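Next up, model38.txt (compact mmCIF, C-alpha atoms):
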# COMPACT_ATOMS: atom_id res chain seq x y z
CA MET T 261 0.00 0.00 0.00
CA GLY T 262 1.57 3.28 -1.00
CA SER T 263 1.03 6.38 1.08
CA LYS T 264 0.41 9.62 -0.78
CA PRO T 265 2.55 12.64 0.15
CA ILE T 266 0.97 14.90 2.79
CA ASN T 267 0.68 18.62 1.95
CA PRO T 268 1.69 21.28 4.54
CA MET T 269 -1.92 22.05 5.52
CA GLU T 270 -2.77 18.38 6.08
CA SER T 271 0.44 18.01 8.01
CA ARG T 272 -0.55 20.94 10.28
CA LEU T 273 -3.99 19.38 10.88
CA ASP T 274 -2.36 16.03 11.53
CA ASP T 275 0.02 17.47 14.08
CA ALA T 276 -2.79 19.32 15.87
CA THR T 277 -4.91 16.14 16.00
CA SER T 278 -1.95 14.18 17.26
CA ARG T 279 -1.33 16.76 20.01
CA ARG T 280 -5.00 16.66 21.05
CA LEU T 281 -4.91 12.85 21.23
CA ALA T 282 -1.70 12.94 23.27
CA LYS T 283 -3.55 14.91 25.95
CA LEU T 284 -5.73 11.86 26.60
CA ARG T 285 -2.62 10.33 28.18
CA THR T 286 -3.16 12.49 31.27
CA MET T 287 -6.87 11.72 31.63
CA PRO T 288 -7.66 10.24 35.06
CA ILE T 289 -8.89 6.64 34.88
CA ASP T 290 -10.91 4.94 37.57
CA VAL T 291 -9.09 1.66 38.15
CA SER T 292 -11.05 0.47 41.17
CA SER T 293 -13.16 -2.18 39.42
CA LEU T 294 -10.13 -3.64 37.64
CA GLU T 295 -8.13 -3.69 40.86
CA LYS T 296 -10.88 -5.58 42.60
CA ALA T 297 -11.19 -8.11 39.78
CA ILE T 298 -7.43 -8.73 39.68
CA ALA T 299 -7.22 -9.11 43.42
CA LEU T 300 -9.85 -11.84 43.20
CA GLN T 301 -8.04 -13.61 40.36
CA ILE T 302 -4.54 -13.76 41.79
CA PRO T 303 -4.15 -15.14 45.30
CA GLN T 304 -1.71 -13.15 47.41
CA ALA T 305 0.40 -16.24 48.18
CA ASP T 306 1.00 -16.79 44.48
CA LEU T 307 2.11 -13.18 44.11
CA GLN T 308 4.59 -13.56 46.95
CA ASN T 309 6.04 -16.81 45.52
CA ARG T 310 6.43 -15.22 42.10
CA PHE T 311 8.12 -12.21 43.62
CA ARG T 312 10.66 -14.43 45.44
CA ARG T 313 11.51 -16.18 42.16
CA LEU T 314 12.10 -12.84 40.44
CA ILE T 315 15.13 -12.15 42.60
CA TRP T 316 17.03 -14.71 40.52
CA MET T 317 16.08 -13.20 37.17
CA ARG T 318 18.38 -11.10 35.03
CA PRO T 319 18.13 -7.27 35.42
CA ALA T 320 15.92 -6.16 32.47
CA ARG T 321 13.53 -9.02 32.98
CA THR T 322 13.42 -8.23 36.67
CA VAL T 323 12.53 -4.60 35.93
CA ALA T 324 9.60 -5.69 33.75
CA ALA T 325 8.53 -8.27 36.27
CA SER T 326 8.85 -5.89 39.19
CA LEU T 327 6.69 -3.31 37.42
CA LEU T 328 3.97 -5.88 37.00
CA VAL T 329 4.21 -7.39 40.44
CA VAL T 330 4.36 -4.02 42.19
CA GLY T 331 1.33 -2.93 40.14
CA LEU T 332 -0.56 -6.05 41.09
CA ILE T 333 0.35 -5.78 44.77
CA ILE T 334 -0.71 -2.13 44.83
CA ALA T 335 -3.90 -3.09 43.01
CA PHE T 336 -4.59 -5.76 45.61
CA ALA T 337 -3.89 -3.37 48.46
CA ILE T 338 -6.15 -0.70 47.03
CA ALA T 339 -8.92 -3.15 46.21
CA THR T 340 -9.00 -4.40 49.76
CA ALA T 341 -9.15 -0.86 51.10
CA SER T 342 -12.51 0.92 51.04
CA GLY T 343 -11.55 4.31 49.64
CA PRO T 344 -13.88 6.50 47.57
CA VAL T 345 -14.34 5.82 43.89
CA LEU T 346 -13.66 8.52 41.30
CA ALA T 347 -16.85 9.19 39.35
CA SER T 348 -16.32 9.22 35.60
CA ALA T 349 -18.54 11.55 33.56
CA GLN T 350 -18.34 9.13 30.66
CA GLU T 351 -19.51 6.23 32.81
CA LEU T 352 -22.36 8.31 34.25
CA ALA T 353 -23.43 9.42 30.77
CA GLU T 354 -23.47 5.76 29.68
CA LEU T 355 -25.51 4.90 32.76
CA HIS T 356 -28.03 7.65 31.88
CA ARG T 357 -28.25 6.49 28.26
CA GLY T 358 -28.68 2.89 29.44
CA LEU T 359 -31.53 3.80 31.80
CA ARG T 360 -33.19 5.93 29.13
CA GLU T 361 -32.99 3.13 26.56
CA THR T 362 -33.95 0.26 28.90
CA GLY T 363 -36.50 1.89 31.15
CA ASN T 364 -37.69 -1.56 32.22
CA ALA T 365 -34.54 -1.90 34.36
CA LEU T 366 -36.08 0.71 36.67
CA ILE T 367 -38.39 0.13 39.63
CA ALA T 368 -41.53 2.12 38.76
CA VAL T 369 -42.18 4.85 41.34
CA GLN T 370 -43.97 8.18 41.15
CA SER T 371 -42.31 10.20 43.89
CA ILE T 372 -39.00 10.71 45.69
CA PRO T 373 -40.31 9.20 49.00
CA ALA T 374 -41.49 6.11 47.07
CA ALA T 375 -38.08 5.93 45.37
CA GLN T 376 -36.37 6.21 48.76
CA ALA T 377 -38.42 3.30 50.11
CA ALA T 378 -37.84 1.12 47.02
CA ILE T 379 -34.08 1.79 47.03
CA LYS T 380 -33.85 1.15 50.79
CA GLU T 381 -35.19 -2.36 50.18
CA LYS T 382 -32.35 -3.12 47.79
CA TRP T 383 -29.69 -1.09 49.55
CA PRO T 384 -30.41 -0.64 53.26
CA GLY T 385 -27.47 1.73 53.76
CA CYS T 386 -28.44 4.13 50.97
CA PRO T 387 -28.17 7.84 51.80
CA GLN T 388 -31.22 10.10 52.04
CA LEU T 389 -32.25 11.13 48.51
CA CYS T 390 -32.57 14.80 47.71
CA SER T 391 -35.78 16.46 46.57
CA VAL T 392 -35.79 17.66 42.95
CA GLY T 393 -38.88 19.87 42.94
CA ASP T 394 -42.24 18.67 41.59
CA HIS T 395 -41.00 17.14 38.37
CA PRO T 396 -42.59 13.76 37.47
CA VAL T 397 -40.57 10.77 38.75
CA HIS T 398 -40.63 7.61 36.59
CA GLY T 399 -38.45 5.11 38.35
CA CYS T 400 -35.41 4.36 40.41
CA CYS T 401 -32.66 1.78 40.76
CA VAL T 402 -29.37 1.01 42.47
CA ARG T 403 -26.26 0.85 40.30
CA ARG T 404 -22.56 0.21 40.90
CA LEU T 405 -19.94 2.85 40.30
CA GLY T 406 -16.64 1.04 40.69
CA HIS T 407 -16.96 -0.83 43.99
CA LYS T 408 -19.55 1.57 45.43
CA SER T 409 -23.34 1.71 45.14
CA ILE T 410 -25.24 4.74 43.92
CA ALA T 411 -28.99 5.41 43.97
CA CYS T 412 -30.47 6.58 40.67
CA ILE T 413 -33.78 8.34 40.09
CA SER T 414 -35.25 8.81 36.63
CA LEU T 415 -37.26 12.00 36.08
CA GLN T 416 -38.82 13.93 33.25
CA ILE T 417 -37.94 17.62 33.17
CA ASP T 418 -38.96 19.86 30.24
CA GLN T 419 -40.10 16.68 28.43
CA THR T 420 -36.52 15.39 28.63
CA PRO T 421 -35.26 12.41 30.65
CA VAL T 422 -33.00 13.35 33.56
CA THR T 423 -31.16 10.91 35.82
CA VAL T 424 -30.20 11.98 39.33
CA ALA T 425 -27.63 9.82 41.09
CA VAL T 426 -26.96 10.06 44.83
CA ALA T 427 -24.27 8.48 46.98
CA ASP T 428 -22.51 9.13 50.25
CA SER T 429 -19.82 11.77 49.67
CA ALA T 430 -17.33 9.48 51.44
CA ASP T 431 -17.92 6.86 48.74
CA VAL T 432 -17.72 8.88 45.52
CA ARG T 433 -15.42 11.72 44.49
CA CYS T 434 -15.93 14.27 41.69
CA PRO T 435 -13.23 14.26 39.00
CA ASP T 436 -11.62 17.52 37.87
CA GLY T 437 -13.87 19.43 35.52
CA LYS T 438 -15.16 22.89 34.73
CA GLN T 439 -16.03 24.44 38.11
CA VAL T 440 -19.00 26.72 38.72
CA GLU T 441 -19.91 28.26 42.07
CA LEU T 442 -23.53 29.21 42.70
CA ALA T 443 -24.87 30.45 46.03
CA GLY T 444 -21.80 29.14 47.81
CA ASN T 445 -22.10 25.65 46.33
CA GLN T 446 -19.51 24.16 43.99
CA TYR T 447 -20.58 22.33 40.81
CA SER T 448 -18.42 20.38 38.33
CA LEU T 449 -19.61 20.42 34.71
CA PHE T 450 -18.87 17.72 32.13
CA SER T 451 -20.26 16.51 28.86
CA SER T 452 -19.99 13.19 27.09
CA GLY T 453 -21.39 13.22 23.58
CA ALA T 454 -24.90 14.66 23.80
CA THR T 455 -25.14 14.07 27.54
CA ASN T 456 -24.34 16.80 30.05
CA VAL T 457 -23.29 15.80 33.55
CA ILE T 458 -23.22 18.00 36.63
CA MET T 459 -21.76 16.79 39.92
CA THR T 460 -21.80 18.39 43.32
CA GLN T 461 -21.06 17.43 46.91
CA ARG T 462 -23.48 18.81 49.43
CA ALA T 463 -24.78 17.82 52.85
CA GLY T 464 -22.55 14.77 53.03
CA ARG T 465 -23.78 13.50 49.69
CA TRP T 466 -22.41 13.25 46.19
CA VAL T 467 -25.07 14.10 43.60
CA ALA T 468 -24.88 13.88 39.80
CA LEU T 469 -27.45 15.04 37.26
CA MET T 470 -27.29 13.59 33.75
CA SER T 471 -29.38 14.69 30.79
CA SER T 472 -29.32 16.02 27.26
CA LEU T 473 -30.69 19.29 28.69
CA PRO T 474 -28.25 22.22 28.43
CA SER T 475 -25.76 22.54 31.29
CA GLU T 476 -27.31 25.87 32.32
CA ARG T 477 -30.71 24.21 32.78
CA LEU T 478 -29.17 21.32 34.73
CA LEU T 479 -27.35 23.84 36.93
CA ALA T 480 -30.64 25.62 37.64
CA ILE T 481 -32.18 22.26 38.64
CA ALA T 482 -29.15 21.36 40.76
CA GLU T 483 -29.36 24.71 42.53
CA LYS T 484 -32.87 23.88 43.69
CA LEU T 485 -31.98 20.48 45.15
CA GLU T 486 -33.25 20.15 48.71
CA PHE T 487 -31.36 18.00 51.20
CA MET I 275 -1.61 2.60 30.39
CA LEU I 276 -3.25 -0.79 29.76
CA LEU I 277 -6.57 0.20 31.27
CA ARG I 278 -6.56 3.56 29.48
CA THR I 279 -5.93 1.89 26.13
CA ALA I 280 -8.54 -0.79 26.83
CA ARG I 281 -11.15 1.80 27.89
CA MET I 282 -10.64 3.79 24.68
CA LEU I 283 -10.63 0.64 22.58
CA CYS I 284 -13.69 -1.15 23.94
CA HIS I 285 -17.26 0.05 23.85
CA ASN I 286 -17.94 -0.22 27.55
CA ASP I 287 -15.95 -0.22 30.79
CA ALA I 288 -16.83 -3.80 31.74
CA GLU I 289 -15.45 -5.08 28.43
CA ALA I 290 -12.34 -2.93 28.89
CA ASP I 291 -11.80 -4.14 32.44
CA ASP I 292 -12.08 -7.74 31.24
CA VAL I 293 -9.46 -7.30 28.54
CA ALA I 294 -7.09 -5.35 30.82
CA GLN I 295 -7.48 -7.91 33.58
CA GLU I 296 -6.80 -10.84 31.24
CA THR I 297 -3.78 -8.98 29.84
CA LEU I 298 -2.24 -8.44 33.27
CA ILE I 299 -2.81 -12.04 34.25
CA LYS I 300 -1.33 -13.33 30.96
CA ALA I 301 1.67 -11.02 31.40
CA PHE I 302 2.10 -12.20 34.95
CA GLN I 303 1.98 -15.83 33.84
CA SER I 304 4.41 -15.34 30.96
CA LEU I 305 7.09 -13.25 32.66
CA ASP I 306 9.60 -15.99 31.85
CA ARG I 307 9.08 -15.28 28.14
CA PHE I 308 9.86 -11.57 28.36
CA THR I 309 12.88 -10.93 26.14
CA GLU I 310 15.65 -8.91 27.67
CA GLY I 311 16.30 -5.65 25.84
CA THR I 312 12.75 -5.24 24.52
CA ASN I 313 10.40 -2.42 25.46
CA VAL I 314 8.20 -3.34 28.45
CA ARG I 315 5.31 -1.11 27.33
CA SER I 316 5.35 -2.61 23.85
CA TRP I 317 5.45 -6.10 25.33
CA LEU I 318 2.41 -5.39 27.53
CA LEU I 319 0.52 -3.69 24.69
CA ALA I 320 1.23 -6.65 22.40
CA ILE I 321 -0.34 -8.94 25.01
CA LEU I 322 -3.29 -6.54 25.24
CA ARG I 323 -3.63 -6.65 21.45
CA ASN I 324 -3.68 -10.49 21.40
CA THR I 325 -6.10 -10.62 24.31
CA ARG I 326 -8.42 -8.22 22.50
CA ILE I 327 -8.27 -10.35 19.34
CA ASP I 328 -9.15 -13.42 21.42
CA GLN I 329 -12.02 -11.48 23.01
CA LEU I 330 -13.37 -10.47 19.59
CA ARG I 331 -13.03 -14.03 18.24
CA ALA I 332 -14.82 -15.43 21.26
CA GLY I 333 -17.68 -13.06 20.47
CA LYS I 334 -17.51 -11.54 23.95
CA THR I 335 -17.90 -8.09 22.55
CA ARG I 336 -20.19 -5.81 20.61
CA SER I 337 -20.50 -6.41 16.88
CA ALA I 338 -19.80 -2.72 16.28
CA ASP I 339 -16.13 -3.63 16.30
CA ILE I 340 -15.56 -4.10 12.63
CA SER I 341 -12.87 -6.38 11.28
CA LEU I 342 -10.02 -5.07 9.20
CA GLU I 343 -11.50 -6.48 6.01
CA GLN I 344 -15.01 -5.19 6.65
CA ALA I 345 -13.81 -1.74 7.52
CA CYS I 346 -11.50 -1.44 4.50
CA VAL I 347 -9.22 0.60 6.72
CA ASP I 348 -6.47 0.64 4.17
CA ALA I 349 -8.73 1.76 1.32
CA PRO I 350 -8.55 5.39 0.11
CA PHE I 351 -10.35 7.80 2.43
CA LYS I 352 -12.45 10.60 1.00
CA HIS I 353 -11.06 13.89 2.23
CA PRO I 354 -13.47 16.17 4.13
CA ASP I 355 -15.08 18.75 1.89
CA ALA I 356 -14.34 22.45 1.88
CA SER I 357 -17.25 23.20 4.25
CA PRO I 358 -17.06 26.32 6.46
CA SER I 359 -16.37 24.23 9.58
CA TYR I 360 -13.51 22.48 7.84
CA GLN I 361 -12.12 25.85 6.79
CA GLU I 362 -12.31 27.07 10.39
CA LEU I 363 -10.55 23.92 11.51
CA SER I 364 -7.84 24.61 8.98
CA ALA I 365 -7.42 28.18 10.24
CA ASP I 366 -6.64 27.28 13.86
CA PRO I 367 -6.73 23.50 14.33
CA ASP I 368 -5.27 23.47 17.87
CA SER I 369 -7.84 25.89 19.28
CA LEU I 370 -10.77 24.16 17.65
CA LEU I 371 -9.67 20.67 18.72
CA GLU I 372 -9.05 21.98 22.24
CA THR I 373 -12.73 22.90 22.63
CA PHE I 374 -13.74 19.22 22.60
CA ASP I 375 -13.56 17.58 25.98
CA ASP I 376 -11.83 14.24 26.46
CA ALA I 377 -15.10 12.31 26.53
CA GLN I 378 -16.07 13.69 23.10
CA VAL I 379 -12.70 12.83 21.60
CA ILE I 380 -12.97 9.29 23.01
CA GLU I 381 -16.51 8.90 21.70
CA ALA I 382 -15.31 9.97 18.25
CA LEU I 383 -12.38 7.55 18.51
CA LYS I 384 -14.76 4.72 19.29
CA LYS I 385 -16.60 5.35 16.02
CA LEU I 386 -13.48 4.58 14.01
CA PRO I 387 -12.67 1.07 12.75
CA GLU I 388 -10.83 -0.98 15.35
CA GLU I 389 -7.50 -1.15 13.45
CA ILE I 390 -7.46 2.62 12.95
CA ARG I 391 -8.34 3.09 16.62
CA TRP I 392 -5.46 0.83 17.66
CA THR I 393 -3.06 2.84 15.51
CA LEU I 394 -4.12 6.21 16.95
CA LEU I 395 -4.10 4.89 20.52
CA LEU I 396 -0.59 3.51 20.22
CA VAL I 397 0.97 6.24 18.05
CA ASP I 398 -0.70 9.38 19.39
CA VAL I 399 -2.16 8.61 22.79
CA GLU I 400 0.63 6.36 24.07
CA GLY I 401 3.33 8.03 21.98
CA LEU I 402 5.04 4.82 20.83
CA ASP I 403 7.27 5.04 17.79
CA HIS I 404 6.06 3.70 14.44
CA ARG I 405 8.44 0.73 14.52
CA ASP I 406 7.14 -0.49 17.89
CA VAL I 407 3.52 -0.02 16.80
CA ALA I 408 4.22 -1.92 13.58
CA GLY I 409 5.56 -4.77 15.71
CA ILE I 410 2.53 -4.78 18.01
CA LEU I 411 -0.02 -4.62 15.19
CA ASP I 412 2.03 -6.92 12.94
CA VAL I 413 1.93 -4.69 9.85
CA PRO I 414 4.67 -2.80 7.97
CA GLU I 415 5.83 0.55 9.35
CA GLY I 416 4.53 2.34 6.22
CA THR I 417 1.04 1.02 6.93
CA ILE I 418 1.18 2.50 10.44
CA LYS I 419 2.14 5.90 9.01
CA SER I 420 -0.70 5.91 6.49
CA ARG I 421 -3.23 4.55 9.00
CA ALA I 422 -2.23 7.23 11.52
CA HIS I 423 -2.73 9.95 8.92
CA ARG I 424 -6.04 8.52 7.73
CA GLY I 425 -7.17 7.91 11.30
CA ARG I 426 -6.57 11.54 12.27
CA GLU I 427 -8.55 12.66 9.20
CA MET I 428 -11.39 10.31 10.13
CA LEU I 429 -11.34 11.56 13.72
CA ARG I 430 -11.61 15.17 12.59
CA LYS I 431 -14.47 14.18 10.32
CA GLU I 432 -16.27 12.64 13.32
CA LEU I 433 -15.67 15.72 15.45
CA LEU I 434 -16.65 18.38 12.90
CA PRO I 435 -20.43 17.88 13.14
CA TRP I 436 -20.17 18.37 16.93
CA ALA I 437 -18.19 21.53 16.36
CA THR I 438 -21.06 22.84 14.25
CA GLU I 439 -23.60 21.64 16.82
CA MET I 440 -21.72 23.29 19.67
CA ARG I 441 -21.47 26.43 17.52
CA ILE I 442 -17.70 26.28 17.76
CA ALA I 443 -17.66 26.33 13.98
CA ARG I 444 -20.32 27.55 11.62

Encoded form using structure tokens:
Amino acid sequence: MGSKPINPMESRLDDATSRRLAKLRTMPIDVSSLEKAIALQIPQADLQNRFRRLIWMRPARTVAASLLVVGLIIAFAIATASGPVLASAQELAELHRGLRETGNALIAVQSIPAAQAAIKEKWPGCPQLCSVGDHPVHGCCVRRLGHKSIACISLQIDQTPVTVAVADSADVRCPDGKQVELAGNQYSLFSSGATNVIMTQRAGRWVALMSSLPSERLLAIAEKLEF
Amino acid sequence: MLLRTARMLCHNDAEADDVAQETLIKAFQSLDRFTEGTNVRSWLLAILRNTRIDQLRAGKTRSADISLEQACVDAPFKHPDASPSYQELSADPDSLLETFDDAQVIEALKKLPEEIRWTLLLVDVEGLDHRDVAGILDVPEGTIKSRAHRGREMLRKELLPWATEMRIAR
């Protein structure tokens, strides 16, 4: 296959695209679910035996092996700890799209108190849900975000589906994003494709709103959350 | 690195976690076969590549991942037209591309054929040199260069409609 020569303009566009892609290298990745899975797959004793054998390996091989083993040991240590999980806007947007497309995965409820009761049955330790005004509620469910549970409520606002997720603020952290402060409260704004995501931490809770509504509208809704 | 590549390669996080997990376990089990003097990152990414191929063959993944033949990734690519948004992109490509957040760039990447996606992930995201990428993907170095160029064009083509939608470009 022959490659045609690239003109200066194409080369400039290529370089810019390459630079933009290189920035993805610094994107934070939530590794908690992988860590947990690996920890379950590889017994600690096996790790220790392998590590002992590595001492006899030649230097370069030992470096490669050490990198892996250290990574796996750290993964195991982190997985067994119960630290907060880093919420990913992309994952939350996928969750929202999933709930919107498969509404039957939701428990049908018509109000926040009914959602609270239904979620409590599945997740006794769930935090108190927040009130989102008098918008019609369609359903609720409990989902996993990494190794933590989150409560999700599906609403209809301005004829558009909105998902509100709530968790204990000790369980879920907001990633870095565009910050907005309104009435003394901090909000982090994200978007993933056509889905806008707003996260906030208030009253000991982590709350995320996901919808195709504009960010400004979601912010206005988030501002009126009652805890 | 492995999880990042897997997340950008696969269509959902569970699939990515599976492939990254299998890769780490395979690497762990085959440490004895690591050749001294070779690049550790390339070695791990080559295992990831083989694990992903196994995953696709086993049908554990979405059918949206198109094979090399189906996608005709090495066939000529039609250049974007001279639309206003393309002209704006040409005027200041860095600024325009900077307005897309990471999630949008990843979503656009996921729309590209798998082989093109692999090339961009290894060459641009991970910053490996063409020779190492050629070794991992088992194709000639020239193919990597042309796929990288075509992949970047395809990525821009995926992003341009969003630019118009977001009113970044007219």

Requested in this report: Fewer than 6 positions away in the same chain doesn't count, so skip those; otherwise give me all residues within 12 Å of Thr423 (chain T), counting all atoms listed in the file, as a PyMOL selection string.
Outcome: chain T and resi 352-360+363+366+392+395-401+410-417+455-459+467-473+478+481-482

Write out as a PDB file with C-alpha atoms, keeping the file's coordinate frame every residue belonging to chain I that has an atom at most 7 Å from any atom of chain T, counting only C-alpha atoms.
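Contents of the output file result_4.pdb:
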ATOM      1  CA  ARG I 278      -6.560   3.560  29.480  1.00  0.00           C
ATOM      2  CA  ASP I 291     -11.800  -4.140  32.440  1.00  0.00           C
ATOM      3  CA  GLN I 295      -7.480  -7.910  33.580  1.00  0.00           C
ATOM      4  CA  PHE I 302       2.100 -12.200  34.950  1.00  0.00           C
ATOM      5  CA  LEU I 305       7.090 -13.250  32.660  1.00  0.00           C
ATOM      6  CA  PHE I 308       9.860 -11.570  28.360  1.00  0.00           C
ATOM      7  CA  GLU I 310      15.650  -8.910  27.670  1.00  0.00           C
ATOM      8  CA  GLY I 311      16.300  -5.650  25.840  1.00  0.00           C
ATOM      9  CA  VAL I 314       8.200  -3.340  28.450  1.00  0.00           C
ATOM     10  CA  SER I 364      -7.840  24.610   8.980  1.00  0.00           C
ATOM     11  CA  PRO I 367      -6.730  23.500  14.330  1.00  0.00           C
ATOM     12  CA  ASP I 368      -5.270  23.470  17.870  1.00  0.00           C
ATOM     13  CA  LEU I 371      -9.670  20.670  18.720  1.00  0.00           C
ATOM     14  CA  GLU I 372      -9.050  21.980  22.240  1.00  0.00           C
ATOM     15  CA  ASP I 376     -11.830  14.240  26.460  1.00  0.00           C
ATOM     16  CA  ALA I 377     -15.100  12.310  26.530  1.00  0.00           C
ATOM     17  CA  GLN I 378     -16.070  13.690  23.100  1.00  0.00           C
ATOM     18  CA  GLU I 381     -16.510   8.900  21.700  1.00  0.00           C
ATOM     19  CA  ASP I 398      -0.700   9.380  19.390  1.00  0.00           C
ATOM     20  CA  VAL I 399      -2.160   8.610  22.790  1.00  0.00           C
ATOM     21  CA  GLU I 400       0.630   6.360  24.070  1.00  0.00           C
ATOM     22  CA  SER I 420      -0.700   5.910   6.490  1.00  0.00           C
ATOM     23  CA  HIS I 423      -2.730   9.950   8.920  1.00  0.00           C
ATOM     24  CA  ARG I 426      -6.570  11.540  12.270  1.00  0.00           C
TER      25      ARG I 426
END

Query raised in the report: Separation of CA of Arg323 (chain I) and CA of Lys431 (chain I), in Å?
Result: 26.0 Å

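Taking CA of Val397 (chain I) as the reference point, CA of Gly425 (chain I) is found at 10.7 Å.
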
Report task. Taking (-12.5, 19.7, 38.2) in the file's own coordinates, collect the residues within 10 Å, counting all atoms listed in the file, and hand them back as an NGL selection string. Result -> :T and (434-440 or 447-450 or 459)

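Coordinates place CA of Ile321 (chain I) at a distance of 10.1 Å from CA of Ile299 (chain I).
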
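Distance check against Asp292 (chain I) using all atoms listed in the file: of I:Gln329, I:Asn324, I:Ser369, I:Thr417, the minimum falls on I:Gln329.
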